[in-house]
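File shown: coords.txt. Contents: compact mmCIF, C-alpha atoms.
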# COMPACT_ATOMS: atom_id res chain seq x y z
CA MET A 20 -7.92 63.35 -30.40
CA LYS A 21 -10.64 60.72 -30.77
CA GLN A 22 -8.21 58.45 -32.56
CA LEU A 23 -5.64 58.84 -29.80
CA LYS A 24 -8.29 58.09 -27.22
CA SER A 25 -9.44 54.98 -29.15
CA LEU A 26 -5.85 53.88 -29.59
CA LEU A 27 -5.17 54.31 -25.86
CA ILE A 28 -8.29 52.30 -24.93
CA ALA A 29 -7.33 49.57 -27.39
CA ALA A 30 -3.80 49.42 -25.95
CA LEU A 31 -5.14 49.18 -22.40
CA LEU A 32 -7.52 46.40 -23.42
CA PHE A 33 -4.69 44.54 -25.16
CA VAL A 34 -2.43 44.85 -22.10
CA GLY A 35 -5.28 43.75 -19.82
CA ILE A 36 -6.06 40.71 -21.99
CA ASN A 37 -2.36 39.85 -22.25
CA GLU A 38 -1.96 40.01 -18.47
CA THR A 39 -5.09 37.88 -18.00
CA VAL A 40 -3.68 35.22 -20.32
CA GLN A 41 -0.36 35.27 -18.48
CA ALA A 42 -2.11 35.11 -15.11
CA GLN A 43 -3.95 31.90 -16.01
CA ALA A 44 -2.45 28.82 -14.44
CA LYS A 45 -0.91 26.26 -16.72
CA VAL A 46 -2.48 22.85 -16.22
CA ALA A 47 -1.43 19.44 -17.52
CA HIS A 48 -2.51 15.90 -16.78
CA ILE A 49 -1.03 12.44 -16.39
CA ASN A 50 -2.57 9.02 -15.92
CA VAL A 51 -0.73 7.85 -12.80
CA SER A 52 -2.17 4.33 -13.15
CA ASP A 53 -0.63 3.99 -16.62
CA LEU A 54 2.66 5.38 -15.33
CA MET A 55 2.75 2.89 -12.49
CA ALA A 56 1.79 -0.01 -14.77
CA ALA A 57 4.68 0.84 -17.10
CA SER A 58 7.23 1.01 -14.29
CA PRO A 59 9.73 -1.88 -14.23
CA GLU A 60 10.00 -1.38 -10.46
CA MET A 61 6.25 -1.89 -10.11
CA LYS A 62 6.41 -5.12 -12.08
CA ALA A 63 9.15 -6.40 -9.76
CA ALA A 64 7.12 -5.31 -6.72
CA GLN A 65 4.06 -7.16 -7.99
CA THR A 66 6.12 -10.32 -8.50
CA GLN A 67 7.41 -10.01 -4.94
CA LEU A 68 3.89 -9.53 -3.59
CA GLU A 69 2.61 -12.51 -5.57
CA LYS A 70 5.24 -14.71 -3.90
CA VAL A 71 4.23 -13.50 -0.44
CA THR A 72 0.55 -13.98 -1.29
CA LYS A 73 1.22 -17.51 -2.51
CA THR A 74 2.96 -18.33 0.78
CA TYR A 75 -0.02 -17.06 2.78
CA ASP A 76 -2.46 -18.90 0.50
CA THR A 77 -0.55 -22.17 0.84
CA GLU A 78 -0.56 -21.95 4.63
CA TYR A 79 -4.25 -21.01 4.69
CA ASN A 80 -5.22 -23.86 2.36
CA THR A 81 -3.24 -26.32 4.51
CA MET A 82 -5.10 -25.15 7.62
CA VAL A 83 -8.49 -25.38 5.88
CA GLU A 84 -7.75 -28.87 4.55
CA GLU A 85 -6.69 -30.05 8.01
CA PHE A 86 -9.89 -28.56 9.42
CA ARG A 87 -12.05 -30.34 6.84
CA LYS A 88 -10.38 -33.69 7.47
CA LYS A 89 -10.81 -33.32 11.21
CA VAL A 90 -14.50 -32.35 10.85
CA ALA A 91 -15.15 -35.30 8.51
CA GLN A 92 -13.41 -37.70 10.91
CA TYR A 93 -15.32 -36.39 13.92
CA GLU A 94 -18.67 -36.53 12.11
CA LYS A 95 -17.98 -40.12 11.06
CA GLU A 96 -17.03 -41.16 14.61
CA ALA A 97 -19.61 -39.04 16.46
CA SER A 98 -22.11 -41.87 16.97
CA THR A 99 -19.45 -44.27 18.31
CA VAL A 100 -17.85 -42.06 20.99
CA LYS A 101 -19.08 -40.68 24.28
CA ASP A 102 -20.73 -37.29 24.61
CA ASP A 103 -17.81 -35.77 26.50
CA VAL A 104 -15.46 -36.77 23.64
CA ASN A 105 -17.83 -35.22 21.09
CA GLU A 106 -18.00 -32.08 23.22
CA ALA A 107 -14.19 -31.87 23.39
CA ARG A 108 -13.98 -32.44 19.64
CA GLY A 109 -16.56 -29.71 19.04
CA LYS A 110 -14.47 -27.29 21.05
CA GLU A 111 -11.35 -28.34 19.13
CA VAL A 112 -13.13 -27.71 15.82
CA GLN A 113 -14.27 -24.27 17.02
CA ASP A 114 -10.71 -23.46 18.10
CA MET A 115 -9.38 -24.53 14.72
CA GLN A 116 -11.99 -22.38 12.99
CA LYS A 117 -10.98 -19.40 15.12
CA ARG A 118 -7.27 -19.96 14.33
CA ILE A 119 -8.07 -20.05 10.62
CA GLN A 120 -10.05 -16.79 10.83
CA ASP A 121 -7.31 -15.13 12.89
CA TYR A 122 -4.66 -16.29 10.43
CA GLN A 123 -6.68 -14.96 7.51
CA GLN A 124 -7.07 -11.56 9.16
CA THR A 125 -3.42 -11.38 10.17
CA ALA A 126 -2.23 -12.45 6.73
CA SER A 127 -4.47 -9.90 5.04
CA LYS A 128 -3.19 -7.11 7.31
CA GLU A 129 0.46 -8.12 6.85
CA LEU A 130 0.02 -8.35 3.08
CA GLN A 131 -1.52 -4.89 2.97
CA GLU A 132 1.35 -3.46 5.05
CA LYS A 133 3.90 -5.21 2.84
CA GLN A 134 2.18 -3.81 -0.27
CA GLU A 135 2.24 -0.27 1.13
CA ALA A 136 5.92 -0.61 2.10
CA ILE A 137 6.87 -1.89 -1.36
CA TYR A 138 4.79 0.64 -3.33
CA LYS A 139 5.63 3.73 -1.26
CA PRO A 140 9.15 4.37 -2.65
CA ILE A 141 7.92 3.76 -6.21
CA LEU A 142 5.08 6.23 -5.75
CA GLU A 143 7.38 8.82 -4.19
CA LYS A 144 9.88 8.47 -7.04
CA SER A 145 7.06 8.85 -9.58
CA ARG A 146 5.64 11.87 -7.78
CA ALA A 147 9.07 13.52 -7.71
CA ALA A 148 9.51 12.91 -11.44
CA ILE A 149 6.05 14.34 -12.18
CA GLN A 150 6.87 17.46 -10.16
CA LYS A 151 10.26 17.85 -11.86
CA VAL A 152 8.80 17.55 -15.36
CA ALA A 153 5.88 19.85 -14.53
CA LYS A 154 8.17 22.54 -13.11
CA ALA A 155 10.53 22.26 -16.08
CA LYS A 156 7.60 22.75 -18.47
CA GLY A 157 6.11 25.58 -16.40
CA TYR A 158 2.95 23.88 -15.15
CA GLN A 159 1.47 24.97 -11.85
CA TYR A 160 -1.04 22.10 -11.66
CA VAL A 161 -0.94 18.49 -12.80
CA LEU A 162 -4.14 16.48 -12.58
CA ASP A 163 -4.31 12.69 -12.32
CA SER A 164 -6.47 11.54 -15.24
CA SER A 165 -6.71 7.94 -14.00
CA SER A 166 -10.23 6.58 -14.18
CA GLY A 167 -12.37 7.64 -11.27
CA SER A 168 -10.07 10.53 -10.34
CA GLY A 169 -12.68 13.22 -10.86
CA VAL A 170 -11.07 14.73 -13.98
CA LEU A 171 -13.91 15.26 -16.42
CA LEU A 172 -11.81 16.41 -19.35
CA ALA A 173 -8.14 15.73 -20.01
CA ASP A 174 -7.63 17.63 -23.25
CA GLY A 175 -4.49 19.53 -22.25
CA PRO A 176 -0.88 18.42 -22.35
CA ASP A 177 -0.23 14.84 -21.19
CA LEU A 178 3.02 14.48 -19.23
CA LEU A 179 3.10 10.65 -19.27
CA ALA A 180 5.77 10.28 -21.98
CA ASP A 181 7.97 12.98 -20.43
CA VAL A 182 7.71 11.50 -16.93
CA LYS A 183 8.49 7.99 -18.25
CA LYS A 184 11.55 9.46 -19.92
CA GLU A 185 12.53 11.21 -16.67
CA LEU A 186 12.19 7.91 -14.80
CA GLY A 187 14.29 6.15 -17.41
CA PHE A 188 11.80 3.68 -18.79
CA GLY A 189 10.77 5.57 -21.92
CA ALA A 190 7.43 5.76 -23.65
CA LYS A 191 6.05 2.32 -24.35
As structure tokens, what does this structure read like?
Amino acid sequence: MKQLKSLLIAALLFVGINETVQAQAKVAHINVSDLMAASPEMKAAQTQLEKVTKTYDTEYNTMVEEFRKKVAQYEKEASTVKDDVNEARGKEVQDMQKRIQDYQQTASKELQEKQEAIYKPILEKSRAAIQKVAKAKGYQYVLDSSSGSGVLLADGPDLLADVKKELGFGAK
């Protein structure tokens, strides 16, 4: 009787432990930064953004150079012209400075919007691939192990190679 009782307790413990193991969530990780860096679409997007940035930079530099020339000219001629001319020139320089600042702010905002618009479909496609791979492998949670993401240990399965394969650009 004691043996049957011991055997029954052992069986219950085994079933309880087995259910606890099955009840634990499966967790994997992926470095999203590495995934994005390996994406051919991201490389094309960065090239596109570099072209737009160069256009903004060229325009900005042209405005700044024009401003500098005008300031140098006005400083050189300041002692030979009337006060009302110097006052008008001072206002013109301030207006130019304001236009440059406005342009810089507008360009920065437009560049940020352009970047978000270009990156959004790439991020969504990557997120969908991560979810598809995770579900196929039975993971309930996938953590981003990119630096600064708050993951203190990434010792479990890494889905990077599988997600790259899913996206069609293989493990590199």
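Distances from A:Asn50, A:Gln159, A:Gln65, A:Thr99 to Ile141 in chain A were compared using only C-alpha atoms, and the smallest one belongs to A:Gln65.
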In terms of only C-alpha atoms, the residue from A:Ala91, A:Gln123, A:Asp53, A:Ala44 at minimal distance from Asp76 in chain A is A:Gln123
As AutoDock Vina command-line options, what would the box around range 110-116 of chain A look like: edges along x, y and z, 6 Å added on every side, centre and edge lengths in Å to one decimal?
--center_x -11.9 --center_y -25.4 --center_z 17.0 --size_x 17.1 --size_y 18.0 --size_z 20.1
Ser145 in chain A proximity check over A:Ser58, A:Gln43, A:Thr125, A:Thr72, using all atoms listed in the file: winner is A:Ser58
One number please: CA of Ile119 in chain A to CA of Thr81 in chain A, in Å, one decimal.
10.0 Å
Need the shell around Lys89 in chain A: protein/DNA/RNA residues with any atom at most 12 Å away, counting all atoms listed in the file. Skip same-chain ones fewer than 6 positions apart. Format as a short mmCIF file (atom, residue, chain, number, x, y, z; two decimals) with C-alpha atoms, keeping the file's coordinate frame?
data_model
loop_
_atom_site.label_atom_id
_atom_site.label_comp_id
_atom_site.auth_asym_id
_atom_site.auth_seq_id
_atom_site.Cartn_x
_atom_site.Cartn_y
_atom_site.Cartn_z
CA MET A 82 -5.10 -25.15 7.62
CA VAL A 83 -8.49 -25.38 5.88
CA LYS A 95 -17.98 -40.12 11.06
CA GLU A 96 -17.03 -41.16 14.61
CA ALA A 97 -19.61 -39.04 16.46
CA ARG A 108 -13.98 -32.44 19.64
CA GLY A 109 -16.56 -29.71 19.04
CA GLU A 111 -11.35 -28.34 19.13
CA VAL A 112 -13.13 -27.71 15.82
CA GLN A 113 -14.27 -24.27 17.02
CA MET A 115 -9.38 -24.53 14.72
CA GLN A 116 -11.99 -22.38 12.99
#
So, counting only C-alpha atoms, which residue among A:Ala63, A:Ala47, A:Ala56, A:Val104 is closest to Leu178 in chain A?
A:Ala47
In terms of only C-alpha atoms, the residue from A:Leu54, A:Asn105, A:Ser166, A:Ser127 at minimal distance from Leu186 in chain A is A:Leu54
Starting from the sparse input, extend range 64-94 of chain A to N, CA and C atoms and give the output as a PDB file, in the coordinates of the input.
ATOM      1  N   ALA A  64       7.847  -5.363  -7.996  1.00  0.00           N
ATOM      2  CA  ALA A  64       7.120  -5.310  -6.720  1.00  0.00           C
ATOM      3  C   ALA A  64       5.919  -6.258  -6.758  1.00  0.00           C
ATOM      4  N   GLN A  65       5.219  -6.280  -7.872  1.00  0.00           N
ATOM      5  CA  GLN A  65       4.060  -7.160  -7.990  1.00  0.00           C
ATOM      6  C   GLN A  65       4.479  -8.627  -7.945  1.00  0.00           C
ATOM      7  N   THR A  66       5.596  -8.954  -8.557  1.00  0.00           N
ATOM      8  CA  THR A  66       6.120 -10.320  -8.500  1.00  0.00           C
ATOM      9  C   THR A  66       6.444 -10.692  -7.061  1.00  0.00           C
ATOM     10  N   GLN A  67       7.067  -9.783  -6.349  1.00  0.00           N
ATOM     11  CA  GLN A  67       7.410 -10.010  -4.940  1.00  0.00           C
ATOM     12  C   GLN A  67       6.146 -10.228  -4.103  1.00  0.00           C
ATOM     13  N   LEU A  68       5.136  -9.400  -4.338  1.00  0.00           N
ATOM     14  CA  LEU A  68       3.890  -9.530  -3.590  1.00  0.00           C
ATOM     15  C   LEU A  68       3.155 -10.828  -3.934  1.00  0.00           C
ATOM     16  N   GLU A  69       3.230 -11.251  -5.176  1.00  0.00           N
ATOM     17  CA  GLU A  69       2.610 -12.510  -5.570  1.00  0.00           C
ATOM     18  C   GLU A  69       3.243 -13.690  -4.838  1.00  0.00           C
ATOM     19  N   LYS A  70       4.554 -13.649  -4.633  1.00  0.00           N
ATOM     20  CA  LYS A  70       5.240 -14.710  -3.900  1.00  0.00           C
ATOM     21  C   LYS A  70       4.774 -14.750  -2.443  1.00  0.00           C
ATOM     22  N   VAL A  71       4.679 -13.580  -1.830  1.00  0.00           N
ATOM     23  CA  VAL A  71       4.230 -13.500  -0.440  1.00  0.00           C
ATOM     24  C   VAL A  71       2.780 -13.986  -0.337  1.00  0.00           C
ATOM     25  N   THR A  72       1.942 -13.565  -1.273  1.00  0.00           N
ATOM     26  CA  THR A  72       0.550 -13.980  -1.290  1.00  0.00           C
ATOM     27  C   THR A  72       0.439 -15.495  -1.430  1.00  0.00           C
ATOM     28  N   LYS A  73       1.250 -16.058  -2.292  1.00  0.00           N
ATOM     29  CA  LYS A  73       1.220 -17.510  -2.510  1.00  0.00           C
ATOM     30  C   LYS A  73       1.603 -18.249  -1.214  1.00  0.00           C
ATOM     31  N   THR A  74       2.566 -17.722  -0.487  1.00  0.00           N
ATOM     32  CA  THR A  74       2.960 -18.330   0.780  1.00  0.00           C
ATOM     33  C   THR A  74       1.797 -18.315   1.775  1.00  0.00           C
ATOM     34  N   TYR A  75       1.128 -17.160   1.891  1.00  0.00           N
ATOM     35  CA  TYR A  75      -0.020 -17.060   2.780  1.00  0.00           C
ATOM     36  C   TYR A  75      -1.141 -18.007   2.332  1.00  0.00           C
ATOM     37  N   ASP A  76      -1.400 -18.042   1.031  1.00  0.00           N
ATOM     38  CA  ASP A  76      -2.460 -18.900   0.500  1.00  0.00           C
ATOM     39  C   ASP A  76      -2.171 -20.375   0.770  1.00  0.00           C
ATOM     40  N   THR A  77      -0.931 -20.773   0.606  1.00  0.00           N
ATOM     41  CA  THR A  77      -0.550 -22.170   0.840  1.00  0.00           C
ATOM     42  C   THR A  77      -0.803 -22.539   2.306  1.00  0.00           C
ATOM     43  N   GLU A  78      -0.367 -21.692   3.196  1.00  0.00           N
ATOM     44  CA  GLU A  78      -0.560 -21.950   4.630  1.00  0.00           C
ATOM     45  C   GLU A  78      -2.056 -21.991   4.969  1.00  0.00           C
ATOM     46  N   TYR A  79      -2.808 -21.060   4.442  1.00  0.00           N
ATOM     47  CA  TYR A  79      -4.250 -21.010   4.690  1.00  0.00           C
ATOM     48  C   TYR A  79      -4.928 -22.276   4.169  1.00  0.00           C
ATOM     49  N   ASN A  80      -4.609 -22.661   2.946  1.00  0.00           N
ATOM     50  CA  ASN A  80      -5.220 -23.860   2.360  1.00  0.00           C
ATOM     51  C   ASN A  80      -4.864 -25.113   3.157  1.00  0.00           C
ATOM     52  N   THR A  81      -3.649 -25.186   3.674  1.00  0.00           N
ATOM     53  CA  THR A  81      -3.240 -26.320   4.510  1.00  0.00           C
ATOM     54  C   THR A  81      -4.088 -26.364   5.779  1.00  0.00           C
ATOM     55  N   MET A  82      -4.284 -25.205   6.401  1.00  0.00           N
ATOM     56  CA  MET A  82      -5.100 -25.150   7.620  1.00  0.00           C
ATOM     57  C   MET A  82      -6.550 -25.549   7.342  1.00  0.00           C
ATOM     58  N   VAL A  83      -7.102 -25.071   6.240  1.00  0.00           N
ATOM     59  CA  VAL A  83      -8.490 -25.380   5.880  1.00  0.00           C
ATOM     60  C   VAL A  83      -8.640 -26.872   5.587  1.00  0.00           C
ATOM     61  N   GLU A  84      -7.691 -27.447   4.868  1.00  0.00           N
ATOM     62  CA  GLU A  84      -7.750 -28.870   4.550  1.00  0.00           C
ATOM     63  C   GLU A  84      -7.670 -29.722   5.818  1.00  0.00           C
ATOM     64  N   GLU A  85      -6.795 -29.349   6.729  1.00  0.00           N
ATOM     65  CA  GLU A  85      -6.690 -30.050   8.010  1.00  0.00           C
ATOM     66  C   GLU A  85      -8.006 -29.952   8.778  1.00  0.00           C
ATOM     67  N   PHE A  86      -8.608 -28.781   8.756  1.00  0.00           N
ATOM     68  CA  PHE A  86      -9.890 -28.560   9.420  1.00  0.00           C
ATOM     69  C   PHE A  86     -10.966 -29.464   8.818  1.00  0.00           C
ATOM     70  N   ARG A  87     -11.046 -29.510   7.510  1.00  0.00           N
ATOM     71  CA  ARG A  87     -12.050 -30.340   6.840  1.00  0.00           C
ATOM     72  C   ARG A  87     -11.884 -31.817   7.165  1.00  0.00           C
ATOM     73  N   LYS A  88     -10.647 -32.279   7.153  1.00  0.00           N
ATOM     74  CA  LYS A  88     -10.380 -33.690   7.470  1.00  0.00           C
ATOM     75  C   LYS A  88     -10.818 -34.008   8.905  1.00  0.00           C
ATOM     76  N   LYS A  89     -10.483 -33.111   9.799  1.00  0.00           N
ATOM     77  CA  LYS A  89     -10.810 -33.320  11.210  1.00  0.00           C
ATOM     78  C   LYS A  89     -12.335 -33.334  11.392  1.00  0.00           C
ATOM     79  N   VAL A  90     -13.040 -32.413  10.754  1.00  0.00           N
ATOM     80  CA  VAL A  90     -14.500 -32.350  10.850  1.00  0.00           C
ATOM     81  C   VAL A  90     -15.112 -33.632  10.283  1.00  0.00           C
ATOM     82  N   ALA A  91     -14.638 -34.071   9.130  1.00  0.00           N
ATOM     83  CA  ALA A  91     -15.150 -35.300   8.510  1.00  0.00           C
ATOM     84  C   ALA A  91     -14.921 -36.504   9.420  1.00  0.00           C
ATOM     85  N   GLN A  92     -13.737 -36.587  10.000  1.00  0.00           N
ATOM     86  CA  GLN A  92     -13.410 -37.700  10.910  1.00  0.00           C
ATOM     87  C   GLN A  92     -14.328 -37.669  12.125  1.00  0.00           C
ATOM     88  N   TYR A  93     -14.510 -36.504  12.714  1.00  0.00           N
ATOM     89  CA  TYR A  93     -15.320 -36.390  13.920  1.00  0.00           C
ATOM     90  C   TYR A  93     -16.788 -36.696  13.630  1.00  0.00           C
ATOM     91  N   GLU A  94     -17.284 -36.243  12.463  1.00  0.00           N
ATOM     92  CA  GLU A  94     -18.670 -36.530  12.110  1.00  0.00           C
ATOM     93  C   GLU A  94     -18.877 -38.036  11.915  1.00  0.00           C
TER      94      GLU A  94
END
